[in-house]
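So this block is start25.csv, CSV, C-alpha atoms:
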```csv
chain,number,residue,atom,x,y,z
A,279,MET,CA,145.6,103.2,142.9
A,280,ASP,CA,147.2,104.9,140.0
A,281,THR,CA,146.0,108.4,139.1
A,282,LEU,CA,143.9,108.5,135.9
A,283,ARG,CA,143.5,111.8,134.0
A,284,PHE,CA,140.3,112.1,132.0
A,285,VAL,CA,140.0,114.4,129.0
A,286,GLU,CA,137.1,115.2,126.7
A,287,PRO,CA,138.8,115.0,123.3
A,288,VAL,CA,138.7,118.1,121.3
A,289,THR,CA,142.1,118.3,119.6
A,290,ASP,CA,143.0,116.0,116.7
A,291,ALA,CA,145.6,114.3,118.9
A,292,GLN,CA,143.0,113.6,121.6
A,293,LEU,CA,140.4,112.4,119.1
A,294,ALA,CA,143.1,110.2,117.5
A,295,ASP,CA,143.7,108.7,121.0
A,296,TRP,CA,140.0,107.9,121.4
A,297,GLN,CA,140.0,106.5,117.8
A,298,HIS,CA,143.0,104.3,118.6
A,299,VAL,CA,141.4,102.7,121.7
A,300,HIS,CA,138.1,102.2,119.9
A,301,ASN,CA,139.7,100.6,116.8
A,302,VAL,CA,141.8,98.3,119.0
A,303,ILE,CA,138.8,97.1,121.0
A,304,VAL,CA,136.2,96.9,118.2
A,305,PRO,CA,138.1,96.4,114.9
A,306,PRO,CA,135.0,95.4,112.9
A,307,ALA,CA,133.7,98.9,113.6
A,308,ALA,CA,137.0,100.8,113.1
A,309,MET,CA,136.5,104.5,112.5
A,310,SER,CA,138.3,107.2,110.6
A,311,LEU,CA,139.2,110.4,112.4
A,312,ASP,CA,136.4,112.2,110.5
A,313,GLU,CA,133.9,109.6,111.9
A,314,VAL,CA,135.3,110.2,115.4
A,315,ARG,CA,134.8,113.9,115.0
A,316,GLY,CA,131.2,113.3,114.0
A,317,ARG,CA,130.7,111.0,117.0
A,318,ALA,CA,132.2,113.7,119.3
A,319,GLY,CA,129.5,116.0,118.1
A,320,ARG,CA,126.7,113.6,119.0
A,321,TYR,CA,128.0,111.8,122.1
A,322,HIS,CA,130.0,112.5,125.2
A,323,LEU,CA,133.5,111.0,124.7
A,324,GLU,CA,136.4,110.8,127.2
A,325,VAL,CA,139.9,109.6,126.9
A,326,ALA,CA,141.8,108.2,130.0
A,327,TYR,CA,145.5,108.6,130.6
A,328,LEU,CA,147.7,107.2,133.2
A,329,GLY,CA,150.0,110.1,133.5
A,330,ASP,CA,150.6,110.7,129.7
A,331,VAL,CA,150.0,107.1,128.7
A,332,LEU,CA,146.7,106.3,126.9
A,333,VAL,CA,144.8,103.5,128.8
A,334,GLY,CA,141.2,103.7,127.6
A,335,CYS,CA,138.2,105.7,126.5
A,336,THR,CA,134.4,106.0,127.0
A,337,THR,CA,131.4,106.8,125.0
A,338,VAL,CA,128.0,107.9,126.4
A,339,ARG,CA,125.2,108.0,124.0
A,340,PRO,CA,122.6,110.3,125.6
A,341,PRO,CA,118.9,109.7,125.9
A,342,THR,CA,116.7,111.2,123.2
A,343,ASP,CA,113.2,112.5,123.1
A,344,GLU,CA,112.1,109.2,121.7
A,345,ASN,CA,114.2,106.9,123.9
A,346,ALA,CA,115.0,107.5,127.5
A,347,SER,CA,117.9,105.1,127.5
A,348,ALA,CA,121.6,106.0,127.5
A,349,THR,CA,124.3,103.8,126.2
A,350,VAL,CA,127.5,103.7,128.3
A,351,ILE,CA,130.6,102.1,126.8
A,352,ALA,CA,134.0,101.8,128.6
A,353,ARG,CA,137.0,100.5,126.7
A,354,VAL,CA,140.4,99.7,128.2
A,355,LEU,CA,143.4,98.7,126.2
A,356,PRO,CA,144.3,95.0,126.9
A,357,GLU,CA,147.6,95.8,128.6
A,358,TYR,CA,145.9,98.0,131.2
A,359,ARG,CA,143.0,95.6,132.1
A,360,ARG,CA,142.5,94.1,135.6
A,361,ARG,CA,143.8,97.2,137.3
A,362,GLY,CA,140.4,98.9,138.1
A,363,PHE,CA,140.5,101.3,135.2
A,364,GLY,CA,137.5,99.8,133.5
A,365,GLU,CA,135.4,100.3,136.7
A,366,ARG,CA,136.5,103.9,136.9
A,367,LEU,CA,135.8,104.6,133.3
A,368,TYR,CA,132.4,102.9,133.5
A,369,GLY,CA,131.6,104.8,136.7
A,370,ARG,CA,132.3,108.1,135.0
A,371,GLY,CA,130.1,107.2,132.0
A,372,LEU,CA,127.3,105.9,134.3
A,373,GLY,CA,127.5,109.2,136.2
A,374,ARG,CA,127.2,111.2,133.0
A,375,ALA,CA,124.2,109.1,131.9
A,376,LYS,CA,122.4,109.6,135.2
A,377,ALA,CA,123.1,113.4,135.0
A,378,LEU,CA,121.4,113.3,131.6
A,379,ARG,CA,118.4,111.7,133.3
A,380,ALA,CA,118.5,108.4,131.5
A,381,SER,CA,115.9,106.0,132.9
A,382,VAL,CA,117.6,102.9,131.3
A,383,ILE,CA,121.3,102.2,131.0
A,384,GLU,CA,122.5,100.1,128.1
A,385,THR,CA,125.8,98.9,126.7
A,386,VAL,CA,127.0,97.0,123.7
A,387,VAL,CA,129.9,94.5,123.5
A,388,LEU,CA,131.5,92.8,120.5
A,389,GLY,CA,130.7,89.1,120.8
A,390,CYS,CA,134.3,88.0,120.6
A,391,ASN,CA,135.3,90.3,123.5
A,392,ALA,CA,134.7,87.7,126.3
A,393,GLU,CA,136.5,89.9,128.8
A,394,GLY,CA,134.3,92.9,128.0
A,395,LEU,CA,131.2,90.7,128.3
A,396,ARG,CA,132.2,89.4,131.7
A,397,PHE,CA,133.0,93.0,132.8
A,398,ALA,CA,129.5,94.2,131.7
A,399,GLN,CA,127.8,91.3,133.4
A,400,ALA,CA,129.8,91.9,136.6
A,401,GLN,CA,128.4,95.5,136.6
A,402,GLY,CA,124.9,94.1,136.5
A,403,PHE,CA,124.1,94.2,132.8
A,404,VAL,CA,122.0,91.4,131.3
A,405,GLU,CA,121.9,90.4,127.6
A,406,VAL,CA,118.8,91.6,125.7
A,407,GLU,CA,119.8,91.0,122.1
A,408,ARG,CA,122.5,89.4,119.8
A,409,TYR,CA,122.8,90.4,116.2
A,410,VAL,CA,125.2,90.4,113.3
A,411,LEU,CA,125.6,93.5,111.1
A,412,PRO,CA,125.2,93.1,107.4
A,413,GLY,CA,128.4,92.0,105.8
A,414,ASP,CA,130.0,91.0,109.1
A,415,SER,CA,130.2,87.6,110.9
A,416,THR,CA,131.0,88.8,114.4
A,417,PRO,CA,127.9,89.1,116.7
A,418,TRP,CA,127.2,92.2,118.8
A,419,ILE,CA,125.6,91.9,122.2
A,420,ASP,CA,123.2,94.6,123.5
A,421,LEU,CA,122.9,94.5,127.3
A,422,ARG,CA,120.7,96.4,129.8
A,423,LEU,CA,121.5,97.3,133.4
A,424,ALA,CA,119.2,95.2,135.5
```
For this file, write the structure as structure tokens.
Amino acid sequence: MDTLRFVEPVTDAQLADWQHVHNVIVPPAAMSLDEVRGRAGRYHLEVAYLGDVLVGCTTVRPPTDENASATVIARVLPEYRRRGFGERLYGRGLGRAKALRASVIETVVLGCNAEGLRFAQAQGFVEVERYVLPGDSTPWIDLRLA
């Protein structure tokens, strides 16, 4: 299997790589670099490279005092899917969530991302809610690890 290199983004270039993957996969929720910087302060982000080539990113939203669930999101650029990278990214995110002592693991998928939904379901996630954000028409799907 190809060697993936994982980086916690701290430089503007690394944050821009995370932003690029996020914005390609979830265009309705596209973020500016400043928004990504803010997210990096709240969540655990990683960027994955195949050598020096950007292939994907992850987000782990940690559990809080009010909510013992963590959200694990793995994103792989379309041209790198079906090569096992998603499973490796998801596995790293899941490991991080467990290290943070999350008692429930959740994820969220953009409704038009059929491949992402199939991937989440193959990992054992089940749908718990569908909703549309104000001003948008694309549904979001919240899932929980069974």
Contacts of segment 319-323 of chain A at 7 Å (all atoms listed in the file; same-chain gap of 5+ positions) as a PyMOL selection string: chain A and resi 286-287+336-340
Residue with smallest distance to Val406 of chain A - pool A:Thr385, A:Thr289, A:Thr349, A:Thr342, counting only C-alpha atoms: A:Thr385
Can you tell me which residues surround Ala398 of chain A at a distance of at most 9 Å, considering all atoms listed in the file, apart from same-chain residues fewer than 4 positions away, and format the answer as a PyMOL selection string? chain A and resi 385-387+393-394+402-404+421+423
Across A:Leu332, A:Ala400, A:Val288, A:Asp343, the smallest distance to Ala318 of chain A, with only C-alpha atoms counted, is shown by A:Val288
State, in Å with one decimal place, the distance from atom CA of Val299 of chain A to atom CA of Ala346 of chain A. 27.5 Å
Closest to Ala380 of chain A among A:Glu405, A:Glu357, A:Glu344, A:Asp414, using only C-alpha atoms? A:Glu344
From A:Leu311, A:Val304, A:Asp420, A:Tyr327, residue lying nearest Val350 of chain A [only C-alpha atoms]: A:Asp420
Give me the residues near Pro305 of chain A as a PDB file with C-alpha atoms, keeping the file's coordinate frame, where near means some atom within 12 Å (using only C-alpha atoms) and where sequence neighbours in that chain fewer than 5 positions away do not count.
```pdb
ATOM      1  CA  GLN A 297     140.000 106.500 117.800  1.00  0.00           C
ATOM      2  CA  HIS A 298     143.000 104.300 118.600  1.00  0.00           C
ATOM      3  CA  VAL A 299     141.400 102.700 121.700  1.00  0.00           C
ATOM      4  CA  HIS A 300     138.100 102.200 119.900  1.00  0.00           C
ATOM      5  CA  SER A 310     138.300 107.200 110.600  1.00  0.00           C
ATOM      6  CA  LEU A 388     131.500  92.800 120.500  1.00  0.00           C
ATOM      7  CA  GLY A 389     130.700  89.100 120.800  1.00  0.00           C
ATOM      8  CA  CYS A 390     134.300  88.000 120.600  1.00  0.00           C
ATOM      9  CA  ASN A 391     135.300  90.300 123.500  1.00  0.00           C
ATOM     10  CA  ASP A 414     130.000  91.000 109.100  1.00  0.00           C
ATOM     11  CA  THR A 416     131.000  88.800 114.400  1.00  0.00           C
TER      12      THR A 416
END
```
